[in-house]
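Printed here is start.pdb (PDB, C-alpha atoms):
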ATOM      1  CA  MET S   1      14.571 -51.545  16.202
ATOM      2  CA  ALA S   2      13.683 -48.125  14.837
ATOM      3  CA  HIS S   3      10.066 -47.005  14.790
ATOM      4  CA  ALA S   4       8.458 -44.714  12.195
ATOM      5  CA  ARG S   5       7.064 -41.565  13.775
ATOM      6  CA  ILE S   6       5.101 -38.776  12.093
ATOM      7  CA  SER S   7       6.425 -35.328  12.999
ATOM      8  CA  MET S   8       3.979 -32.762  14.321
ATOM      9  CA  TYR S   9       6.005 -29.979  12.659
ATOM     10  CA  LEU S  10       5.665 -28.660   9.107
ATOM     11  CA  PRO S  11       8.457 -29.469   6.657
ATOM     12  CA  PRO S  12      11.175 -26.789   6.500
ATOM     13  CA  ASN S  13      10.732 -23.833   4.082
ATOM     14  CA  ILE S  14       6.970 -24.370   3.847
ATOM     15  CA  ASN S  15       4.774 -21.277   4.364
ATOM     16  CA  PRO S  16       1.314 -22.385   5.517
ATOM     17  CA  THR S  17      -0.207 -19.019   4.557
ATOM     18  CA  GLN S  18       0.607 -19.465   0.849
ATOM     19  CA  ALA S  19      -0.914 -21.748  -1.738
ATOM     20  CA  ALA S  20       1.236 -24.588  -3.043
ATOM     21  CA  ILE S  21       2.460 -23.422  -6.463
ATOM     22  CA  ALA S  22       2.080 -25.866  -9.340
ATOM     23  CA  TYR S  23       5.158 -26.735 -11.408
ATOM     24  CA  GLY S  24       6.181 -24.750 -14.492
ATOM     25  CA  CYS S  25       3.613 -23.261 -16.856
ATOM     26  CA  ARG S  26       0.725 -24.598 -14.761
ATOM     27  CA  ALA S  27       1.563 -22.362 -11.766
ATOM     28  CA  LEU S  28      -0.314 -19.169 -12.680
ATOM     29  CA  PRO S  29      -3.391 -20.852 -14.271
ATOM     30  CA  LYS S  30      -3.780 -22.903 -11.078
ATOM     31  CA  LEU S  31      -3.540 -19.764  -8.894
ATOM     32  CA  ASN S  32      -6.058 -17.974 -11.122
ATOM     33  CA  GLU S  33      -8.503 -20.829 -10.541
ATOM     34  CA  GLU S  34      -7.920 -20.558  -6.808
ATOM     35  CA  LEU S  35      -8.617 -16.803  -6.892
ATOM     36  CA  GLN S  36     -12.122 -17.704  -8.014
ATOM     37  CA  SER S  37     -12.623 -20.344  -5.310
ATOM     38  CA  GLU S  38     -15.640 -20.213  -2.991
ATOM     39  CA  ASP S  39     -13.331 -21.071  -0.090
ATOM     40  CA  LEU S  40     -11.996 -17.959   1.676
ATOM     41  CA  LEU S  41      -8.724 -19.550   2.818
ATOM     42  CA  THR S  42      -7.991 -20.765  -0.723
ATOM     43  CA  ARG S  43      -8.456 -17.238  -2.104
ATOM     44  CA  GLN S  44      -6.243 -15.746   0.596
ATOM     45  CA  LYS S  45      -3.435 -18.268   0.039
ATOM     46  CA  ALA S  46      -3.541 -17.742  -3.723
ATOM     47  CA  LEU S  47      -3.205 -13.978  -3.240
ATOM     48  CA  MET S  48      -0.234 -14.458  -0.887
ATOM     49  CA  SER S  49       1.536 -16.536  -3.538
ATOM     50  CA  LEU S  50       0.721 -14.043  -6.297
ATOM     51  CA  CYS S  51       2.303 -11.229  -4.262
ATOM     52  CA  ASP S  52       5.618 -13.081  -4.494
ATOM     53  CA  LEU S  53       5.318 -14.021  -8.162
ATOM     54  CA  MET S  54       4.319 -10.563  -9.449
ATOM     55  CA  HIS S  55       7.773  -9.120  -8.762
ATOM     56  CA  ASP S  56       8.851 -10.830 -11.993
ATOM     57  CA  PRO S  57       7.600  -8.978 -15.128
ATOM     58  CA  GLU S  58       7.449 -12.257 -17.071
ATOM     59  CA  HIS S  59       4.978 -13.620 -14.524
ATOM     60  CA  VAL S  60       2.999 -10.379 -14.760
ATOM     61  CA  TYR S  61       2.744 -10.812 -18.540
ATOM     62  CA  VAL S  62       1.466 -14.393 -18.198
ATOM     63  CA  ALA S  63      -0.929 -13.419 -15.384
ATOM     64  CA  ILE S  64      -2.532 -10.729 -17.543
ATOM     65  CA  ASP S  65      -2.679 -13.075 -20.540
ATOM     66  CA  ILE S  66      -4.616 -15.783 -18.653
ATOM     67  CA  GLY S  67      -7.128 -13.359 -17.094
ATOM     68  CA  CYS S  68      -5.795 -12.765 -13.577
ATOM     69  CA  LEU S  69      -6.703  -9.077 -13.752
ATOM     70  CA  GLU S  70     -10.382  -9.925 -14.156
ATOM     71  CA  SER S  71     -10.171 -12.265 -11.162
ATOM     72  CA  LEU S  72      -8.456  -9.558  -9.104
ATOM     73  CA  LYS S  73     -11.105  -6.991 -10.112
ATOM     74  CA  ALA S  74     -13.755  -9.305  -8.698
ATOM     75  CA  LEU S  75     -11.774  -9.720  -5.465
ATOM     76  CA  LEU S  76     -11.687  -5.948  -4.933
ATOM     77  CA  LYS S  77     -15.377  -6.285  -4.019
ATOM     78  CA  ASP S  78     -14.781  -9.167  -1.592
ATOM     79  CA  THR S  79     -16.373  -8.757   1.833
ATOM     80  CA  ASN S  80     -13.218 -10.053   3.525
ATOM     81  CA  SER S  81     -10.757  -7.226   4.308
ATOM     82  CA  THR S  82      -7.680  -9.466   4.021
ATOM     83  CA  VAL S  83      -8.695 -10.454   0.489
ATOM     84  CA  ARG S  84      -9.154  -6.783  -0.525
ATOM     85  CA  ILE S  85      -5.825  -5.803   1.056
ATOM     86  CA  LYS S  86      -3.884  -8.589  -0.673
ATOM     87  CA  ALA S  87      -5.693  -8.039  -3.995
ATOM     88  CA  THR S  88      -4.687  -4.361  -3.985
ATOM     89  CA  GLU S  89      -1.146  -5.375  -2.985
ATOM     90  CA  VAL S  90      -0.899  -7.722  -5.975
ATOM     91  CA  LEU S  91      -2.136  -4.925  -8.232
ATOM     92  CA  TYR S  92       0.330  -2.322  -6.959
ATOM     93  CA  ILE S  93       3.215  -4.792  -7.415
ATOM     94  CA  MET S  94       2.017  -5.410 -10.982
ATOM     95  CA  ALA S  95       1.902  -1.628 -11.522
ATOM     96  CA  THR S  96       5.643  -1.373 -10.863
ATOM     97  CA  HIS S  97       6.180  -2.996 -14.286
ATOM     98  CA  ASN S  98       5.380  -1.434 -17.660
ATOM     99  CA  VAL S  99       3.505  -4.522 -18.777
ATOM    100  CA  GLY S 100       1.359  -4.285 -15.650
ATOM    101  CA  ARG S 101       0.591  -0.591 -16.190
ATOM    102  CA  GLU S 102      -0.443  -1.258 -19.774
ATOM    103  CA  GLY S 103      -2.635  -4.122 -18.565
ATOM    104  CA  PHE S 104      -4.359  -1.775 -16.110
ATOM    105  CA  LEU S 105      -5.404   0.504 -18.968
ATOM    106  CA  LYS S 106      -6.681  -2.341 -21.156
ATOM    107  CA  HIS S 107      -8.714  -3.961 -18.377
ATOM    108  CA  ASP S 108     -10.210  -0.827 -16.733
ATOM    109  CA  ILE S 109      -8.459  -1.415 -13.409
ATOM    110  CA  ILE S 110      -8.469   2.325 -12.576
ATOM    111  CA  ILE S 111     -12.231   2.500 -12.110
ATOM    112  CA  ALA S 112     -12.296  -0.824 -10.243
ATOM    113  CA  LEU S 113      -9.703   0.476  -7.772
ATOM    114  CA  SER S 114     -11.469   3.820  -7.352
ATOM    115  CA  PHE S 115     -14.357   2.130  -5.523
ATOM    116  CA  LEU S 116     -11.933   1.466  -2.652
ATOM    117  CA  LEU S 117     -10.981   5.127  -2.093
ATOM    118  CA  ASN S 118     -13.120   5.089   1.049
ATOM    119  CA  ASP S 119     -12.301   1.546   2.168
ATOM    120  CA  PRO S 120     -12.174   1.320   5.993
ATOM    121  CA  GLN S 121      -8.816  -0.499   5.842
ATOM    122  CA  THR S 122      -5.825   1.881   5.718
ATOM    123  CA  ALA S 123      -3.592  -0.824   4.199
ATOM    124  CA  CYS S 124      -6.068  -1.279   1.369
ATOM    125  CA  ARG S 125      -6.171   2.449   0.589
ATOM    126  CA  LYS S 126      -2.382   2.679   0.790
ATOM    127  CA  ASN S 127      -1.975  -0.156  -1.744
ATOM    128  CA  LEU S 128      -4.534   1.526  -4.011
ATOM    129  CA  HIS S 129      -2.614   4.803  -3.972
ATOM    130  CA  LEU S 130       0.678   2.999  -4.555
ATOM    131  CA  ALA S 131      -0.903   1.445  -7.653
ATOM    132  CA  PHE S 132      -2.078   4.884  -8.864
ATOM    133  CA  LYS S 133       1.358   6.392  -8.163
ATOM    134  CA  TYR S 134       3.166   3.780 -10.276
ATOM    135  CA  LEU S 135       0.512   3.889 -12.994
ATOM    136  CA  ALA S 136       0.846   7.692 -13.242
ATOM    137  CA  GLN S 137       4.565   7.311 -14.048
ATOM    138  CA  LEU S 138       3.429   6.275 -17.522
ATOM    139  CA  PRO S 139       2.032   9.315 -19.416
ATOM    140  CA  SER S 140      -0.862   7.217 -20.733
ATOM    141  CA  GLY S 141      -1.450   6.007 -17.166
ATOM    142  CA  ALA S 142      -1.644   9.557 -15.831
ATOM    143  CA  GLN S 143      -3.981  10.448 -18.683
ATOM    144  CA  GLY S 144      -6.058   7.379 -17.832
ATOM    145  CA  ILE S 145      -6.518   8.589 -14.253
ATOM    146  CA  VAL S 146      -7.507  12.059 -15.507
ATOM    147  CA  SER S 147      -9.916  10.588 -18.078
ATOM    148  CA  SER S 148     -11.542   8.444 -15.387
ATOM    149  CA  GLY S 149     -12.695  11.639 -13.653
ATOM    150  CA  LEU S 150     -10.820  10.842 -10.437
ATOM    151  CA  ILE S 151      -8.926  14.121  -9.983
ATOM    152  CA  PRO S 152     -11.641  15.877  -7.883
ATOM    153  CA  SER S 153     -11.805  12.816  -5.591
ATOM    154  CA  LEU S 154      -8.007  12.713  -5.212
ATOM    155  CA  VAL S 155      -7.894  16.439  -4.380
ATOM    156  CA  TRP S 156     -10.661  15.951  -1.801
ATOM    157  CA  LYS S 157      -8.863  12.982  -0.237
ATOM    158  CA  LEU S 158      -5.677  15.042   0.092
ATOM    159  CA  GLN S 159      -7.260  16.906   3.007
ATOM    160  CA  ARG S 160      -8.509  13.803   4.767
ATOM    161  CA  GLU S 161      -6.025  10.980   4.350
ATOM    162  CA  GLU S 162      -3.203   9.940   6.676
ATOM    163  CA  GLU S 163       0.168  11.562   6.027
ATOM    164  CA  GLU S 164       1.751   8.495   4.429
ATOM    165  CA  ILE S 165      -1.098   8.305   1.914
ATOM    166  CA  GLN S 166      -1.055  12.094   1.381
ATOM    167  CA  ALA S 167       2.515  11.767   0.086
ATOM    168  CA  LEU S 168       1.385   9.117  -2.423
ATOM    169  CA  LEU S 169      -1.557  11.297  -3.474
ATOM    170  CA  LEU S 170       0.793  14.224  -4.149
ATOM    171  CA  ASP S 171       2.995  12.015  -6.352
ATOM    172  CA  THR S 172      -0.034  10.914  -8.361
ATOM    173  CA  LEU S 173      -1.472  14.421  -8.658
ATOM    174  CA  ALA S 174       1.856  15.908  -9.803
ATOM    175  CA  ALA S 175       2.135  13.374 -12.627
ATOM    176  CA  CYS S 176      -1.520  13.834 -13.653
ATOM    177  CA  LEU S 177      -1.293  17.651 -13.611
ATOM    178  CA  LEU S 178       1.583  17.507 -16.084
ATOM    179  CA  GLU S 179      -0.826  15.789 -18.489
ATOM    180  CA  ASP S 180      -3.920  17.934 -17.850
ATOM    181  CA  ALA S 181      -4.482  20.384 -14.988
ATOM    182  CA  THR S 182      -7.923  21.644 -16.056
ATOM    183  CA  GLU S 183     -10.046  19.462 -13.758
ATOM    184  CA  ALA S 184      -7.725  19.963 -10.792
ATOM    185  CA  LEU S 185      -7.831  23.742 -11.139
ATOM    186  CA  SER S 186     -11.624  23.687 -10.976
ATOM    187  CA  SER S 187     -11.461  21.421  -7.888
ATOM    188  CA  HIS S 188      -9.678  23.949  -5.614
ATOM    189  CA  VAL S 189      -6.346  22.123  -5.826
ATOM    190  CA  VAL S 190      -4.310  25.314  -5.279
ATOM    191  CA  PRO S 191      -5.783  26.115  -1.811
ATOM    192  CA  SER S 192      -5.332  22.444  -0.868
ATOM    193  CA  LEU S 193      -1.674  22.492  -1.875
ATOM    194  CA  LYS S 194      -1.156  25.847  -0.137
ATOM    195  CA  GLU S 195      -2.260  24.228   3.121
ATOM    196  CA  LYS S 196       0.186  21.351   2.616
ATOM    197  CA  LEU S 197       3.078  23.831   2.331
ATOM    198  CA  LEU S 198       2.580  24.412   6.076
ATOM    199  CA  SER S 199       2.902  20.723   6.961
ATOM    200  CA  ALA S 200       5.391  19.738   9.654
ATOM    201  CA  ASN S 201       6.244  16.719   7.492
ATOM    202  CA  ASN S 202       9.309  17.483   5.318
ATOM    203  CA  ASN S 203       8.243  15.017   2.633
ATOM    204  CA  ILE S 204       4.774  16.524   2.278
ATOM    205  CA  ARG S 205       6.117  20.105   2.087
ATOM    206  CA  SER S 206       8.535  19.041  -0.624
ATOM    207  CA  LYS S 207       5.931  17.141  -2.653
ATOM    208  CA  ALA S 208       3.357  19.939  -2.271
ATOM    209  CA  ALA S 209       5.872  22.462  -3.659
ATOM    210  CA  TYR S 210       6.665  20.086  -6.536
ATOM    211  CA  THR S 211       2.955  19.634  -7.300
ATOM    212  CA  LEU S 212       2.540  23.432  -7.292
ATOM    213  CA  MET S 213       5.320  23.554  -9.871
ATOM    214  CA  ALA S 214       3.231  21.235 -12.091
ATOM    215  CA  ILE S 215       0.031  23.237 -11.549
ATOM    216  CA  SER S 216       1.863  26.502 -12.395
ATOM    217  CA  ILE S 217       2.773  25.408 -15.914
ATOM    218  CA  PRO S 218      -0.601  26.363 -17.531
ATOM    219  CA  LEU S 219      -1.591  30.042 -17.476
ATOM    220  CA  GLU S 220      -4.683  29.433 -15.331
ATOM    221  CA  GLY S 221      -2.470  27.705 -12.760
ATOM    222  CA  LYS S 222      -0.123  30.708 -12.656
ATOM    223  CA  LYS S 223      -3.101  33.004 -12.121
ATOM    224  CA  GLN S 224      -4.512  30.917  -9.272
ATOM    225  CA  VAL S 225      -1.146  30.635  -7.510
ATOM    226  CA  TRP S 226      -1.039  34.452  -7.509
ATOM    227  CA  GLN S 227      -4.728  34.894  -6.597
ATOM    228  CA  PHE S 228      -4.528  32.560  -3.593
ATOM    229  CA  ASP S 229      -1.360  34.284  -2.232
ATOM    230  CA  VAL S 230       0.780  31.180  -2.564
ATOM    231  CA  ILE S 231       3.846  33.089  -3.817
ATOM    232  CA  PRO S 232       4.806  34.592  -0.400
ATOM    233  CA  MET S 233       4.621  31.094   1.101
ATOM    234  CA  LEU S 234       6.886  29.725  -1.618
ATOM    235  CA  VAL S 235       9.361  32.532  -0.931
ATOM    236  CA  HIS S 236       9.277  31.582   2.760
ATOM    237  CA  LEU S 237      10.071  27.962   1.811
ATOM    238  CA  LEU S 238      13.238  29.138   0.044
ATOM    239  CA  LYS S 239      14.681  29.335   3.585
ATOM    240  CA  ASP S 240      13.393  25.873   4.601
ATOM    241  CA  PRO S 241      15.959  23.690   6.421
ATOM    242  CA  VAL S 242      15.367  20.880   3.876
ATOM    243  CA  GLU S 243      17.238  21.398   0.594
ATOM    244  CA  GLU S 244      14.717  19.427  -1.492
ATOM    245  CA  VAL S 245      11.925  21.712  -0.239
ATOM    246  CA  ARG S 246      13.955  24.807  -1.177
ATOM    247  CA  ALA S 247      14.654  23.408  -4.651
ATOM    248  CA  ASN S 248      10.989  22.611  -5.346
ATOM    249  CA  ALA S 249       9.839  25.984  -4.008
ATOM    250  CA  ALA S 250      12.255  27.665  -6.429
ATOM    251  CA  GLY S 251      10.840  25.495  -9.223
ATOM    252  CA  ALA S 252       7.287  26.573  -8.442
ATOM    253  CA  LEU S 253       8.394  30.233  -8.389
ATOM    254  CA  MET S 254      10.152  29.731 -11.713
ATOM    255  CA  TYR S 255       6.756  29.110 -13.369
ATOM    256  CA  ALA S 256       4.601  31.362 -11.165
ATOM    257  CA  THR S 257       6.759  34.419 -11.944
ATOM    258  CA  VAL S 258       6.254  34.199 -15.697
ATOM    259  CA  THR S 259       3.266  36.546 -15.368
ATOM    260  CA  THR S 260       3.719  40.209 -14.441
ATOM    261  CA  ALA S 261       1.517  39.798 -11.364
ATOM    262  CA  GLY S 262       3.608  36.819 -10.266
ATOM    263  CA  LYS S 263       6.869  38.734 -10.742
ATOM    264  CA  TYR S 264       5.781  41.641  -8.569
ATOM    265  CA  ALA S 265       4.271  39.353  -5.916
ATOM    266  CA  ALA S 266       7.664  37.619  -5.617
ATOM    267  CA  LEU S 267       9.552  40.928  -5.585
ATOM    268  CA  ASP S 268       7.228  42.276  -2.872
ATOM    269  CA  ALA S 269       7.909  39.115  -0.849
ATOM    270  CA  GLU S 270      11.685  39.760  -1.248
ATOM    271  CA  ALA S 271      12.378  36.558  -3.165
ATOM    272  CA  ILE S 272      15.708  37.662  -4.637
ATOM    273  CA  PRO S 273      18.007  37.246  -1.565
ATOM    274  CA  PRO S 274      16.980  33.630  -0.768
ATOM    275  CA  LEU S 275      17.078  32.734  -4.472
ATOM    276  CA  LEU S 276      20.633  34.107  -4.691
ATOM    277  CA  ASN S 277      21.581  31.914  -1.729
ATOM    278  CA  LEU S 278      20.341  28.862  -3.667
ATOM    279  CA  LEU S 279      22.901  29.543  -6.405
ATOM    280  CA  ASN S 280      25.466  27.960  -4.060
ATOM    281  CA  SER S 281      23.391  24.832  -3.429
ATOM    282  CA  THR S 282      25.001  21.429  -3.902
ATOM    283  CA  LEU S 283      21.739  20.242  -5.476
ATOM    284  CA  ARG S 284      21.795  20.717  -9.242
ATOM    285  CA  LYS S 285      18.056  21.282  -9.618
ATOM    286  CA  ALA S 286      18.108  23.869  -6.815
ATOM    287  CA  ARG S 287      20.743  25.916  -8.683
ATOM    288  CA  LEU S 288      18.914  25.513 -11.988
ATOM    289  CA  ASN S 289      15.487  26.451 -10.613
ATOM    290  CA  ALA S 290      16.915  29.432  -8.735
ATOM    291  CA  ILE S 291      18.673  30.778 -11.848
ATOM    292  CA  LYS S 292      15.507  30.454 -13.919
ATOM    293  CA  ALA S 293      13.356  32.101 -11.235
ATOM    294  CA  LEU S 294      15.859  34.976 -10.968
ATOM    295  CA  THR S 295      15.820  35.318 -14.759
ATOM    296  CA  MET S 296      12.045  35.771 -14.600
ATOM    297  CA  LEU S 297      12.441  38.460 -11.911
ATOM    298  CA  ALA S 298      15.150  40.187 -13.963
ATOM    299  CA  GLU S 299      12.557  40.825 -16.667
ATOM    300  CA  ALA S 300      11.000  43.403 -14.319
ATOM    301  CA  PRO S 301      12.986  46.688 -14.166
ATOM    302  CA  GLU S 302      13.033  46.587 -10.348
ATOM    303  CA  GLY S 303      14.367  43.036 -10.326
ATOM    304  CA  ARG S 304      16.971  43.764 -12.986
ATOM    305  CA  LYS S 305      18.267  46.728 -10.993
ATOM    306  CA  ILE S 306      18.760  44.625  -7.851
ATOM    307  CA  LEU S 307      20.446  41.776  -9.733
ATOM    308  CA  GLN S 308      22.972  43.872 -11.693
ATOM    309  CA  VAL S 309      25.451  43.826  -8.799
ATOM    310  CA  ASN S 310      25.140  40.026  -8.640
ATOM    311  CA  VAL S 311      26.238  39.291 -12.210
ATOM    312  CA  PRO S 312      29.620  37.866 -10.968
ATOM    313  CA  ASN S 313      27.667  35.118  -9.147
ATOM    314  CA  PHE S 314      26.140  34.077 -12.452
ATOM    315  CA  ARG S 315      29.522  34.249 -14.221
ATOM    316  CA  VAL S 316      30.791  31.541 -11.873
ATOM    317  CA  LEU S 317      27.850  29.323 -12.802
ATOM    318  CA  GLU S 318      28.564  29.631 -16.541
ATOM    319  CA  VAL S 319      31.224  26.956 -16.022
ATOM    320  CA  ASP S 320      29.095  24.778 -13.739
ATOM    321  CA  VAL S 321      29.559  20.999 -13.987
ATOM    322  CA  SER S 322      25.978  20.860 -15.278
ATOM    323  CA  GLU S 323      25.569  22.091 -18.861
ATOM    324  CA  ALA S 324      21.938  23.029 -18.184
ATOM    325  CA  VAL S 325      22.993  25.250 -15.270
ATOM    326  CA  GLY S 326      25.693  26.871 -17.439
ATOM    327  CA  ARG S 327      23.243  27.658 -20.244
ATOM    328  CA  ALA S 328      20.681  29.026 -17.774
ATOM    329  CA  ALA S 329      23.360  31.273 -16.237
ATOM    330  CA  GLU S 330      24.244  32.683 -19.684
ATOM    331  CA  ILE S 331      20.570  33.524 -20.355
ATOM    332  CA  ALA S 332      20.267  35.101 -16.898
ATOM    333  CA  ILE S 333      23.278  37.368 -17.531
ATOM    334  CA  LYS S 334      21.869  38.491 -20.894
ATOM    335  CA  THR S 335      18.531  39.273 -19.259
ATOM    336  CA  ILE S 336      20.097  41.183 -16.354
ATOM    337  CA  GLU S 337      22.444  43.190 -18.607
ATOM    338  CA  TRP S 338      19.790  43.985 -21.182
ATOM    339  CA  LYS S 339      19.205  47.681 -21.671
ATOM    340  CA  PRO S 340      15.999  49.129 -23.152
TER     341      PRO S 340
END
Have the structure of the file written as structure tokens, please.
Amino acid sequence: MAHARISMYLPPNINPTQAAIAYGCRALPKLNEELQSEDLLTRQKALMSLCDLMHDPEHVYVAIDIGCLESLKALLKDTNSTVRIKATEVLYIMATHNVGREGFLKHDIIIALSFLLNDPQTACRKNLHLAFKYLAQLPSGAQGIVSSGLIPSLVWKLQREEEEIQALLLDTLAACLLEDATEALSSHVVPSLKEKLLSANNNIRSKAAYTLMAISIPLEGKKQVWQFDVIPMLVHLLKDPVEEVRANAAGALMYATVTTAGKYAALDAEAIPPLLNLLNSTLRKARLNAIKALTMLAEAPEGRKILQVNVPNFRVLEVDVSEAVGRAAEIAIKTIEWKP
């Protein structure tokens, strides 16, 4: 005769670290209640489950609608590090969706997250900066970060964070600088970025050059890039072994050489030969940035004289597969062949 025995093992496909999710439309309201529980384990399990659910934008919409963002804001102050880490993880996953980014702006999540900039847990800070990075992809999100007065803090953290987080900071700063670079320029962002151009990390060099491109768009940015002797370093990066770094360095030079001082700083650093080499790059933006930077240098008589023998190189690019490259090549030829 068979005997009933109770297994000591959990049923298959059951994760003991996650909260049991209620059926249908009751799932998220139930988890929101559990986020507010006095019991630590209940809060942790609810956060684990939310991390899975927030990959779906429809769930993000419902979560915002029922007040989950307010519950998560409260959990950012939790004394338990696991709760803070998982709460920031939920928020950065939500920030990957447009509906989540818009919710951040409506519920003042930016300021709430900013209190964790100095959190002792690296994972917590990384999640925070991932959230800022995704939020900054929305122009209103980038403007929200600027308006919150966080730019000086982000610039300061750039010198002190771990490399992985530095890369996220550079992404956020680049997007914010495109919206408004005023506060960054008064926070010594140019010297900070200049230092990052020397990094042994390929990704950081590339992102620092890209961020310098964003900071060089306003006139004050162009002036500071010249004043802090960044242009010779950008010229040096035109010979970097990483193509993305070379392309971004050319982009930064494209803006920095709009001013007369910038043009002559680049010419003194012998920028023309490495820029001409970039015309043969397989990377479209490298060719485009190089052509535009050379066009800027051709506006100076000394630059125009050097480039006149290289007009055939630009003729080839007039029929480039990229229309933008072709148009830029035409403008470059007109500039080089112009006679006073």
Could the residues of range 163-256 of chain S that have an atom at most 12 Å from range 128-132 of chain S be listed as a Markdown table, each with its closest atom pair and the distance in Å to one decimal, counting only C-alpha atoms and ordered by chain and ascending residue number?
| residue | atom | partner | partner_atom | distance |
| --- | --- | --- | --- | --- |
| S:Glu164 | CA | S:His129 | CA | 10.2 |
| S:Ile165 | CA | S:His129 | CA | 7.0 |
| S:Gln166 | CA | S:His129 | CA | 9.2 |
| S:Ala167 | CA | S:His129 | CA | 9.6 |
| S:Leu168 | CA | S:His129 | CA | 6.1 |
| S:Leu169 | CA | S:His129 | CA | 6.6 |
| S:Leu170 | CA | S:His129 | CA | 10.0 |
| S:Asp171 | CA | S:Phe132 | CA | 9.1 |
| S:Thr172 | CA | S:Phe132 | CA | 6.4 |
| S:Leu173 | CA | S:Phe132 | CA | 9.6 |
| S:Ala174 | CA | S:Phe132 | CA | 11.7 |
| S:Ala175 | CA | S:Phe132 | CA | 10.2 |
| S:Cys176 | CA | S:Phe132 | CA | 10.2 |
Could the residues in this selection be written to a file with C-alpha atoms, as a PDB file, in the coordinates of the input?
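Saved the output as selection27.pdb:
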ATOM      1  CA  GLU S 164       1.751   8.495   4.429  1.00  0.00           C
ATOM      2  CA  ILE S 165      -1.098   8.305   1.914  1.00  0.00           C
ATOM      3  CA  GLN S 166      -1.055  12.094   1.381  1.00  0.00           C
ATOM      4  CA  ALA S 167       2.515  11.767   0.086  1.00  0.00           C
ATOM      5  CA  LEU S 168       1.385   9.117  -2.423  1.00  0.00           C
ATOM      6  CA  LEU S 169      -1.557  11.297  -3.474  1.00  0.00           C
ATOM      7  CA  LEU S 170       0.793  14.224  -4.149  1.00  0.00           C
ATOM      8  CA  ASP S 171       2.995  12.015  -6.352  1.00  0.00           C
ATOM      9  CA  THR S 172      -0.034  10.914  -8.361  1.00  0.00           C
ATOM     10  CA  LEU S 173      -1.472  14.421  -8.658  1.00  0.00           C
ATOM     11  CA  ALA S 174       1.856  15.908  -9.803  1.00  0.00           C
ATOM     12  CA  ALA S 175       2.135  13.374 -12.627  1.00  0.00           C
ATOM     13  CA  CYS S 176      -1.520  13.834 -13.653  1.00  0.00           C
TER      14      CYS S 176
END
Which residues of range 228-250 of chain S come within 6 Å of range 201-213 of chain S, and for each one, what is the closest pair of atoms and their distance in Å to one decimal, counting all atoms listed in the file, sorted by chain and residue number, as a tab-separated table?
residue	atom	partner	partner_atom	distance
S:Val245	CA	S:Ser206	CA	4.3
S:Asn248	CA	S:Tyr210	CA	5.1
S:Ala249	CA	S:Ala209	CA	5.3
Subject >> Target residues per the PyMOL selection byres ((chain S and resi 331-337) around 9), formatted as a ChimeraX atom specification >> reply: /S:291-292,294-296,298-299,303-305,307-308,311,314-315,326-330,338-339
On this file, the PyMOL selection byres ((chain S and resi 31-46) around 8) gives some set of residues; write that set as an mmCIF file with C-alpha atoms, in the coordinates of the input.
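Full text of selection30.cif as output:
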data_model
loop_
_atom_site.group_PDB
_atom_site.id
_atom_site.type_symbol
_atom_site.label_atom_id
_atom_site.label_comp_id
_atom_site.auth_asym_id
_atom_site.auth_seq_id
_atom_site.Cartn_x
_atom_site.Cartn_y
_atom_site.Cartn_z
ATOM 1 C CA THR S 17 -0.207 -19.019 4.557
ATOM 2 C CA GLN S 18 0.607 -19.465 0.849
ATOM 3 C CA ALA S 19 -0.914 -21.748 -1.738
ATOM 4 C CA ILE S 21 2.460 -23.422 -6.463
ATOM 5 C CA ALA S 27 1.563 -22.362 -11.766
ATOM 6 C CA LEU S 28 -0.314 -19.169 -12.680
ATOM 7 C CA PRO S 29 -3.391 -20.852 -14.271
ATOM 8 C CA LYS S 30 -3.780 -22.903 -11.078
ATOM 9 C CA LEU S 47 -3.205 -13.978 -3.240
ATOM 10 C CA MET S 48 -0.234 -14.458 -0.887
ATOM 11 C CA SER S 49 1.536 -16.536 -3.538
ATOM 12 C CA LEU S 50 0.721 -14.043 -6.297
ATOM 13 C CA ILE S 66 -4.616 -15.783 -18.653
ATOM 14 C CA GLY S 67 -7.128 -13.359 -17.094
ATOM 15 C CA CYS S 68 -5.795 -12.765 -13.577
ATOM 16 C CA SER S 71 -10.171 -12.265 -11.162
ATOM 17 C CA LEU S 72 -8.456 -9.558 -9.104
ATOM 18 C CA LEU S 75 -11.774 -9.720 -5.465
ATOM 19 C CA THR S 82 -7.680 -9.466 4.021
ATOM 20 C CA VAL S 83 -8.695 -10.454 0.489
ATOM 21 C CA LYS S 86 -3.884 -8.589 -0.673
#
**OP:** Please provide the set of residues having any atom within 7 Å of range 99-103 of chain S, restricted to only C-alpha atoms, with same-chain residues fewer than 3 positions apart removed, written as an MDAnalysis selection string.
**Re:** chainID S and resid 60:61 64 94:95 106:107 135 141
**OP:** Would you write out, as a PyMOL selection string, every residue that the PyMOL selection byres ((chain S and resi 252) around 12) captures in this file?
**Re:** chain S and resi 193-194+197+206-217+221-222+225-226+230-235+237-238+245-251+253-258+262+266+286+289-290+292-293
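Nearest-residue note for Pro274 in chain S: choosing from S:Leu154, S:Glu302, S:Cys124, S:Lys239, the minimum distance belongs to S:Lys239, counting only C-alpha atoms.
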Subject >> Residue nearest Val155 in chain S - candidates S:Ala200, S:Val309, S:Val190, S:Ala142, atoms counted: all atoms listed in the file >> reply: S:Val190
